[in-house]
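Reviewing the structure listed below.
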Amino acid sequence: MGVVTRFAPSPTGFLHIGGARTALFNWLWARHCGGKFLLRIEDTDRERSTQEAVDAIFNGLKWLGIDWDEEPVFQSSRLQRHIELARKLVDEGKAYYCYCTPEELEAMREEAKAKGLSPRYNRMWRDRDSKDAPQGVKPVIRLKMPVDGDTVLSDLVQGKVVVTNDHLDDVILVRSDGSPTFMLSVVVDDHDMGITHVIRGDDHLTNTFRHIRIFEAFGWKVPQYGHIPLIHGVDGAKLSKRHGALGIESYRDMGYLPEAICNGLLRLGWSHGDDEIISQQQAVEWFTLENLGKSASRLDFMKLANLNGYYLRKASNERLLEELLKLIGKVSKEKEERLLLGMNGLKQRAKTMLELRDLSSIYVDDFHRAEVSKENEGILHAVAAELKSVDNWTESNLEQILRSWADRSNFSFGKVAQSIRSQLTGRKITPGIFDMLFSFGKTESLRRIEAVSIQRKKRMY
RNA sequence: GUCUCCAUCGUCUAGCUGGCCUAGGACAUCGCCCUUUCACGGCGACAACACGAGUUCGAAUCUCGUUGGAGAUACCA
């Protein structure tokens, strides 16, 4: 049977970075095996689930280049089936109604704790007849968990994990309000969707023992599990809102490229020897669960930025222009042309789209020219005169002309270059001057350089 | 408290069928080179096997303990 994986987020927040990585791993594994990757939206908590969050998940995945097979399953549409199956378990004697109140349960937990035991339900209704039920108490349905022995999980990532059954509660399948719990729903849905491999965060590891028992109660085949270590915040604790556990769209807004995010996420916990730059295609080919680490990791923004810089440099100028225009809005055809010509020089100086946007403003904005020293003014006049006669406006030709001019005039080339740079852009840090002269074009370059005389005139008034 | 998991440079990690490890790579940091600025690129430096016992001729690698960290302990998912 082919491999079927799934990503099952609950749409209560946005697609955060940890979820994105879980999705990525499931997707990679499915694609690597030529299997299917399914999506299930766990929207059973209607109060907290929003359409906005559902859209954010879909859009985030698409942005990352993670596609899914078949229509996404919405868990809310399957509640009836979940409940029916729980009742069936009761009929078969594998589950039972429990009439305990929250207060009673709390007391049991306290008592167990006081004895130094695992806090759990004392199974008082497990073998009692429902005829004894107190009036007016709506029961929950609990599964009869095995009393002795162990439950063993052979995890694809964590290896063999064993827990003795006396630490396992009789898990609640259906709440007193008649709604199925997460424990029940996941198992039923994973079964119905034909999931063969469940790759999820290791915060689910202990739940898995319960899941396994529910699978067994139904007599279903238990899928393979792989619990991946969590991504931690800078303080080493589980990523959460208080770390600003950001939605994937925040990373887009910070100017990261999706391939950089994927590459960065992939390297968090997974490795392929010393390889650092790994394309999505390469990842699909290489990805296996054995190469996953077991310890938690932190997202390193410096490394992410470095990766992003790499992918930025590698991206086509056309694509970057398109992305750039999304950030700065429409510009004239002429400026667009300039940006495209100058993109090679811009992109190697930026780590994020935001930096690219800031740098690229040299080709878009007019700047307020600063005062120019007497000497520099002289240089610029001469340069302007020299450039006027240039017909072959190419980088190499411009370089030849200006270098030889500096030579002849006994100016250090550095001084000339800085003068031109400043007059052209008003900045000290820019792409190379020949690159810029070429990107601006002859007309605009001369206009800017010759503006030095106009500045002088203005000062005289 | 109880259960489970984890533990190599500041960070991400390679190594983990024991010897090729005086522990490799990447990011960050710091030098130098290239150079019209800044980047890019190149070269180099700094920097880690948590601790303690064992097993062994030999341990980052195996075992046990300690310490530290994380996750889970809900009628949330």
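In the structure tokens, each chain is lettered A, B, ... as it comes, each chain's residues begin at 1, and ligands are numbered from 1 in order of appearance.
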
### Task
Excluding region 286-296 of chain A and any residue of its chain fewer than 5 positions from it, enumerate the residues within 8 Å of it, using only C-alpha atoms (C1' of nucleotides), and give them as number ranges by chain.
A: 28-29, 32, 156-158, 226, 228-232, 269-272; B: 6-7, 70

### Task
Give me, as a list of chain:residue names, the contact residues of chain A against chain B at a cut-off of 6 Å, counting only C-alpha atoms (C1' of nucleotides).
A:Lys113, A:Gly116, A:Leu117, A:Ser118, A:Arg175, A:Asp203, A:Thr206, A:Gly273, A:Asp274, A:Ser295, A:Lys303, A:Arg349, A:Gly414, A:Ala417, A:Lys428, A:Ile429

Please give the complete set of residues from region 196-427 of chain A that DSSP, run on the backbone, assigns to strand (DSSP E), formatted as an mmCIF file with all heavy atoms, in the first residue's frame.
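Written out: part.cif:
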data_model
loop_
_atom_site.group_PDB
_atom_site.id
_atom_site.type_symbol
_atom_site.label_atom_id
_atom_site.label_comp_id
_atom_site.auth_asym_id
_atom_site.auth_seq_id
_atom_site.Cartn_x
_atom_site.Cartn_y
_atom_site.Cartn_z
ATOM 1 N N HIS A 197 1.226 7.104 7.649
ATOM 2 C CA HIS A 197 2.311 7.683 8.446
ATOM 3 C C HIS A 197 1.853 8.996 9.077
ATOM 4 O O HIS A 197 1.440 9.900 8.359
ATOM 5 C CB HIS A 197 3.536 7.959 7.579
ATOM 6 C CG HIS A 197 4.141 6.714 7.015
ATOM 7 N ND1 HIS A 197 5.341 6.214 7.446
ATOM 8 C CD2 HIS A 197 3.689 5.862 6.059
ATOM 9 C CE1 HIS A 197 5.613 5.103 6.772
ATOM 10 N NE2 HIS A 197 4.628 4.868 5.921
ATOM 11 N N VAL A 198 1.944 9.053 10.375
ATOM 12 C CA VAL A 198 1.589 10.279 11.081
ATOM 13 C C VAL A 198 2.877 10.940 11.558
ATOM 14 O O VAL A 198 3.561 10.426 12.437
ATOM 15 C CB VAL A 198 0.677 9.986 12.294
ATOM 16 C CG1 VAL A 198 0.421 11.258 13.084
ATOM 17 C CG2 VAL A 198 -0.628 9.362 11.828
ATOM 18 N N ILE A 199 3.211 12.058 10.923
ATOM 19 C CA ILE A 199 4.398 12.806 11.331
ATOM 20 C C ILE A 199 3.908 14.074 12.006
ATOM 21 O O ILE A 199 3.174 14.863 11.406
ATOM 22 C CB ILE A 199 5.285 13.137 10.113
ATOM 23 C CG1 ILE A 199 5.708 11.842 9.413
ATOM 24 C CG2 ILE A 199 6.506 13.945 10.556
ATOM 25 C CD1 ILE A 199 6.296 12.050 8.037
ATOM 26 N N ARG A 200 4.242 14.233 13.262
ATOM 27 C CA ARG A 200 3.723 15.382 14.019
ATOM 28 C C ARG A 200 4.718 15.771 15.093
ATOM 29 O O ARG A 200 5.709 15.078 15.320
ATOM 30 C CB ARG A 200 2.386 15.000 14.649
ATOM 31 C CG ARG A 200 2.613 13.848 15.481
ATOM 32 C CD ARG A 200 1.690 13.016 16.261
ATOM 33 N NE ARG A 200 0.304 13.022 16.216
ATOM 34 C CZ ARG A 200 -0.454 12.085 16.782
ATOM 35 N NH1 ARG A 200 0.095 11.062 17.424
ATOM 36 N NH2 ARG A 200 -1.748 12.160 16.739
ATOM 37 N N GLY A 201 4.447 16.870 15.747
ATOM 38 C CA GLY A 201 5.333 17.361 16.798
ATOM 39 C C GLY A 201 5.373 16.391 17.973
ATOM 40 O O GLY A 201 4.391 15.695 18.246
ATOM 41 N N GLN A 224 1.968 4.231 11.213
ATOM 42 C CA GLN A 224 3.327 4.441 11.706
ATOM 43 C C GLN A 224 3.416 5.874 12.219
ATOM 44 O O GLN A 224 2.866 6.795 11.598
ATOM 45 C CB GLN A 224 4.317 4.272 10.565
ATOM 46 C CG GLN A 224 4.301 2.892 9.987
ATOM 47 C CD GLN A 224 5.556 2.141 10.346
ATOM 48 O OE1 GLN A 224 6.319 1.808 9.509
ATOM 49 N NE2 GLN A 224 5.780 1.909 11.616
ATOM 50 N N TYR A 225 4.113 6.038 13.324
ATOM 51 C CA TYR A 225 4.240 7.387 13.872
ATOM 52 C C TYR A 225 5.686 7.871 13.804
ATOM 53 O O TYR A 225 6.625 7.083 13.957
ATOM 54 C CB TYR A 225 3.775 7.419 15.323
ATOM 55 C CG TYR A 225 2.277 7.293 15.470
ATOM 56 C CD1 TYR A 225 1.683 6.066 15.743
ATOM 57 C CD2 TYR A 225 1.467 8.414 15.308
ATOM 58 C CE1 TYR A 225 0.300 5.956 15.859
ATOM 59 C CE2 TYR A 225 0.085 8.307 15.435
ATOM 60 C CZ TYR A 225 -0.492 7.074 15.699
ATOM 61 O OH TYR A 225 -1.847 6.981 15.804
ATOM 62 N N GLY A 226 5.811 9.142 13.578
ATOM 63 C CA GLY A 226 7.124 9.773 13.638
ATOM 64 C C GLY A 226 6.963 11.094 14.366
ATOM 65 O O GLY A 226 6.302 12.004 13.865
ATOM 66 N N HIS A 227 7.506 11.166 15.584
ATOM 67 C CA HIS A 227 7.344 12.400 16.365
ATOM 68 C C HIS A 227 8.585 13.259 16.255
ATOM 69 O O HIS A 227 9.649 12.909 16.759
ATOM 70 C CB HIS A 227 7.010 12.063 17.811
ATOM 71 C CG HIS A 227 5.610 11.563 17.951
ATOM 72 N ND1 HIS A 227 5.286 10.226 17.893
ATOM 73 C CD2 HIS A 227 4.426 12.229 18.076
ATOM 74 C CE1 HIS A 227 3.964 10.089 18.010
ATOM 75 N NE2 HIS A 227 3.423 11.284 18.118
ATOM 76 N N ILE A 228 8.411 14.374 15.582
ATOM 77 C CA ILE A 228 9.551 15.252 15.350
ATOM 78 C C ILE A 228 9.709 16.231 16.504
ATOM 79 O O ILE A 228 8.730 16.676 17.100
ATOM 80 C CB ILE A 228 9.389 16.015 14.020
ATOM 81 C CG1 ILE A 228 8.116 16.851 14.009
ATOM 82 C CG2 ILE A 228 9.373 15.036 12.863
ATOM 83 C CD1 ILE A 228 7.940 17.675 12.751
ATOM 84 N N ILE A 231 10.229 23.005 17.662
ATOM 85 C CA ILE A 231 11.077 24.177 17.486
ATOM 86 C C ILE A 231 10.894 25.023 18.741
ATOM 87 O O ILE A 231 9.772 25.286 19.160
ATOM 88 C CB ILE A 231 10.651 25.003 16.259
ATOM 89 C CG1 ILE A 231 10.762 24.167 14.989
ATOM 90 C CG2 ILE A 231 11.523 26.250 16.144
ATOM 91 C CD1 ILE A 231 10.254 24.869 13.748
ATOM 92 N N HIS A 232 11.985 25.406 19.318
ATOM 93 C CA HIS A 232 11.901 26.211 20.528
ATOM 94 C C HIS A 232 12.190 27.682 20.247
ATOM 95 O O HIS A 232 12.842 28.022 19.268
ATOM 96 C CB HIS A 232 12.892 25.702 21.565
ATOM 97 C CG HIS A 232 12.431 24.447 22.238
ATOM 98 N ND1 HIS A 232 13.215 23.723 23.091
ATOM 99 C CD2 HIS A 232 11.250 23.793 22.158
ATOM 100 C CE1 HIS A 232 12.536 22.675 23.523
ATOM 101 N NE2 HIS A 232 11.348 22.688 22.971
ATOM 102 N N SER A 297 15.195 22.262 18.489
ATOM 103 C CA SER A 297 16.106 23.249 17.928
ATOM 104 C C SER A 297 15.467 24.630 17.937
ATOM 105 O O SER A 297 14.275 24.783 18.146
ATOM 106 C CB SER A 297 16.479 22.860 16.505
ATOM 107 O OG SER A 297 15.315 22.606 15.753
ATOM 108 N N ARG A 298 16.302 25.608 17.721
ATOM 109 C CA ARG A 298 15.794 26.982 17.680
ATOM 110 C C ARG A 298 16.003 27.553 16.292
ATOM 111 O O ARG A 298 16.987 27.241 15.635
ATOM 112 C CB ARG A 298 16.542 27.855 18.669
ATOM 113 C CG ARG A 298 16.663 27.180 20.009
ATOM 114 C CD ARG A 298 17.565 27.950 20.932
ATOM 115 N NE ARG A 298 17.842 27.110 22.094
ATOM 116 C CZ ARG A 298 18.164 27.564 23.287
ATOM 117 N NH1 ARG A 298 18.272 28.862 23.480
ATOM 118 N NH2 ARG A 298 18.376 26.739 24.286
#

Could you find all residues in region 254-426 of chain A that DSSP calls helix (DSSP H, G or I) from the backbone, and write them as a compact mmCIF listing (two decimals) with C-alpha atoms, in the first residue's frame?
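Written file, out13.txt:
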# COMPACT_ATOMS: atom_id res chain seq x y z
CA PRO A 258 9.48 30.74 0.45
CA GLU A 259 12.37 28.59 -0.74
CA ALA A 260 14.58 30.07 1.97
CA ILE A 261 11.98 29.34 4.63
CA CYS A 262 11.59 25.77 3.41
CA ASN A 263 15.32 25.24 3.29
CA GLY A 264 15.75 26.72 6.75
CA LEU A 265 12.90 24.72 8.23
CA LEU A 266 14.18 21.56 6.65
CA GLN A 280 12.80 21.53 -2.65
CA GLN A 281 13.33 19.04 -5.44
CA GLN A 282 16.53 17.82 -3.89
CA ALA A 283 14.80 17.58 -0.53
CA VAL A 284 12.07 15.36 -1.96
CA GLU A 285 14.73 13.06 -3.32
CA TRP A 286 16.77 12.96 -0.13
CA LEU A 289 12.77 9.93 8.53
CA GLU A 290 16.07 8.37 9.64
CA ASN A 291 17.88 11.62 9.09
CA PHE A 301 17.31 34.29 12.13
CA MET A 302 20.86 35.09 11.08
CA LYS A 303 21.14 31.81 9.27
CA LEU A 304 17.72 32.26 7.76
CA ALA A 305 18.75 35.67 6.51
CA ASN A 306 21.91 34.25 5.04
CA LEU A 307 19.93 31.56 3.25
CA ASN A 308 17.49 34.14 2.06
CA GLY A 309 20.32 36.22 0.67
CA TYR A 310 21.48 33.22 -1.26
CA TYR A 311 18.08 32.55 -2.76
CA LEU A 312 17.64 36.24 -3.47
CA ARG A 313 20.84 36.30 -5.46
CA LYS A 314 19.77 33.19 -7.28
CA ASN A 317 15.61 39.59 -11.95
CA GLU A 318 12.14 39.45 -13.43
CA ARG A 319 10.76 37.63 -10.44
CA LEU A 320 12.42 40.00 -8.01
CA LEU A 321 11.08 42.99 -9.89
CA GLU A 322 7.61 41.55 -9.68
CA GLU A 323 7.96 40.94 -5.94
CA LEU A 324 9.45 44.37 -5.48
CA LEU A 325 6.58 46.08 -7.26
CA LYS A 326 4.19 44.34 -4.87
CA LEU A 327 6.00 46.15 -2.07
CA ILE A 328 6.45 49.59 -3.56
CA LYS A 333 7.89 52.13 -17.24
CA GLU A 334 11.20 53.93 -17.25
CA LYS A 335 11.92 53.23 -13.60
CA GLU A 336 10.85 49.64 -14.01
CA GLU A 337 13.39 49.33 -16.77
CA ARG A 338 16.05 50.83 -14.54
CA LEU A 339 15.24 48.47 -11.71
CA LEU A 340 15.49 45.50 -13.99
CA LEU A 341 18.84 46.61 -15.36
CA GLY A 342 20.14 47.36 -11.91
CA MET A 343 18.74 44.25 -10.23
CA ASN A 344 21.94 42.25 -10.46
CA GLY A 345 23.72 44.92 -8.48
CA LEU A 346 20.87 45.32 -6.02
CA LYS A 347 20.13 41.72 -5.21
CA MET A 353 12.98 41.70 0.14
CA LEU A 354 12.71 44.55 2.58
CA GLU A 355 16.38 45.33 2.22
CA LEU A 356 16.05 45.01 -1.52
CA ARG A 357 13.20 47.48 -1.43
CA ASP A 358 15.22 49.97 0.58
CA LEU A 359 18.26 49.69 -1.64
CA SER A 360 16.25 49.83 -4.83
CA SER A 361 14.90 53.23 -3.92
CA ILE A 362 18.03 54.70 -5.51
CA TYR A 363 16.44 53.92 -8.84
CA VAL A 364 12.99 55.08 -7.87
CA LYS A 374 34.35 72.78 -4.48
CA GLU A 375 36.71 70.05 -5.52
CA ASN A 376 33.99 67.47 -6.09
CA GLU A 377 32.00 69.97 -8.06
CA GLY A 378 34.96 70.36 -10.36
CA ILE A 379 35.27 66.62 -10.75
CA LEU A 380 31.61 66.22 -11.54
CA HIS A 381 31.67 68.98 -14.14
CA ALA A 382 34.54 67.31 -15.86
CA VAL A 383 32.94 63.90 -15.61
CA ALA A 384 29.73 65.21 -17.08
CA ALA A 385 31.62 66.70 -19.98
CA GLU A 386 33.43 63.43 -20.49
CA LEU A 387 30.27 61.35 -20.38
CA LYS A 388 28.34 63.57 -22.76
CA GLU A 395 29.46 49.22 -18.24
CA SER A 396 32.79 48.22 -19.67
CA ASN A 397 33.09 51.24 -21.88
CA LEU A 398 32.10 53.61 -19.11
CA GLU A 399 34.65 52.01 -16.87
CA GLN A 400 37.38 52.45 -19.44
CA ILE A 401 36.53 56.07 -20.04
CA LEU A 402 36.25 57.12 -16.43
CA ARG A 403 39.29 55.27 -15.27
CA SER A 404 41.46 56.79 -17.92
CA TRP A 405 40.00 60.20 -17.23
CA ALA A 406 40.85 59.88 -13.52
CA ASP A 407 44.32 58.80 -14.52
CA ARG A 408 44.85 61.76 -16.78
CA SER A 409 43.45 64.21 -14.27
CA PHE A 413 39.76 56.73 -8.90
CA GLY A 414 38.25 56.13 -5.49
CA LYS A 415 37.64 59.82 -5.04
CA VAL A 416 36.02 60.15 -8.44
CA ALA A 417 33.88 57.12 -7.85
CA GLN A 418 32.63 58.31 -4.48
CA SER A 419 31.85 61.69 -5.98
CA ILE A 420 29.78 60.14 -8.75
CA ARG A 421 28.10 57.73 -6.36
CA SER A 422 27.05 60.49 -4.07
CA GLN A 423 25.82 62.74 -6.82
CA LEU A 424 23.94 59.93 -8.49
CA THR A 425 22.21 58.57 -5.42

### Task
Extract, using only C-alpha atoms (C1' of nucleotides), all DNA, RNA and protein residues at most 8 Å from Arg142 (chain A), discarding same-chain residues fewer than 5 positions from it, and format them as a list of chain:residue names.
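Neighbouring residues, sequence-local ones excluded: A:Ala95, A:Tyr96, A:Tyr97, A:Cys98, A:Asp170, A:Val171, A:Ile172, A:Leu173, A:Val174.
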
Could you save the residues just selected, with N, CA and C atoms, as a PDB file, in the first residue's frame?
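Contents of selection.pdb, as written:
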ATOM      1  N   ALA A  95     -16.058   0.319  25.843  1.00  0.00           N
ATOM      2  CA  ALA A  95     -16.105   1.668  26.406  1.00  0.00           C
ATOM      3  C   ALA A  95     -17.316   1.738  27.332  1.00  0.00           C
ATOM      4  N   TYR A  96     -17.377   2.773  28.121  1.00  0.00           N
ATOM      5  CA  TYR A  96     -18.474   2.845  29.089  1.00  0.00           C
ATOM      6  C   TYR A  96     -18.826   4.293  29.420  1.00  0.00           C
ATOM      7  N   TYR A  97     -19.991   4.451  30.023  1.00  0.00           N
ATOM      8  CA  TYR A  97     -20.420   5.793  30.441  1.00  0.00           C
ATOM      9  C   TYR A  97     -19.856   6.091  31.821  1.00  0.00           C
ATOM     10  N   CYS A  98     -19.373   7.273  31.974  1.00  0.00           N
ATOM     11  CA  CYS A  98     -18.827   7.687  33.268  1.00  0.00           C
ATOM     12  C   CYS A  98     -19.567   8.939  33.722  1.00  0.00           C
ATOM     13  N   ASP A 170      -8.357   6.112  31.485  1.00  0.00           N
ATOM     14  CA  ASP A 170      -9.416   5.677  30.574  1.00  0.00           C
ATOM     15  C   ASP A 170      -9.836   6.920  29.796  1.00  0.00           C
ATOM     16  N   VAL A 171      -9.323   7.007  28.610  1.00  0.00           N
ATOM     17  CA  VAL A 171      -9.466   8.244  27.854  1.00  0.00           C
ATOM     18  C   VAL A 171     -10.930   8.558  27.483  1.00  0.00           C
ATOM     19  N   ILE A 172     -11.259   9.821  27.553  1.00  0.00           N
ATOM     20  CA  ILE A 172     -12.613  10.248  27.206  1.00  0.00           C
ATOM     21  C   ILE A 172     -12.768  10.313  25.692  1.00  0.00           C
ATOM     22  N   LEU A 173     -13.780   9.647  25.186  1.00  0.00           N
ATOM     23  CA  LEU A 173     -14.044   9.610  23.757  1.00  0.00           C
ATOM     24  C   LEU A 173     -15.099  10.645  23.368  1.00  0.00           C
ATOM     25  N   VAL A 174     -16.128  10.723  24.197  1.00  0.00           N
ATOM     26  CA  VAL A 174     -17.216  11.659  23.915  1.00  0.00           C
ATOM     27  C   VAL A 174     -17.489  12.474  25.175  1.00  0.00           C
TER      28      VAL A 174
END

### Task
Would you work out the distance separating CA of Asp155 (chain A) from CA of Asn207 (chain A), expressed in Å to one decimal?
12.9 Å

### Task
Show which residues sit within 10 Å of Leu89 (chain A), as a ChimeraX atom specification. Count only C-alpha atoms (C1' of nucleotides), and ignore same-chain residues fewer than 3 positions away.
/A:83-86,92-96,141-144,173,214,217-218

### Summary
Atom pair CA of Ile433 (chain A) + CA of Ile449 (chain A), distance 12.2 Å

### Residue contacts of His16 (chain A) (7 Å, only C-alpha atoms (C1' of nucleotides)) excluding same-chain residues fewer than 3 positions away, as a PyMOL selection string
chain A and resi 19-20+245-248

### Task
Find the residues around G65 (chain B) up to 12 Å (only C-alpha atoms (C1' of nucleotides) counted), leave out those fewer than 5 positions away in its own chain, and share them as an MDAnalysis selection string.
chainID B and resid 51:54

#### Entry: Distance of CA of Val186 (chain A) from CA of Ser77 (chain A), expressed in Å to one decimal place
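Distance between the two atoms: 13.2 Å.
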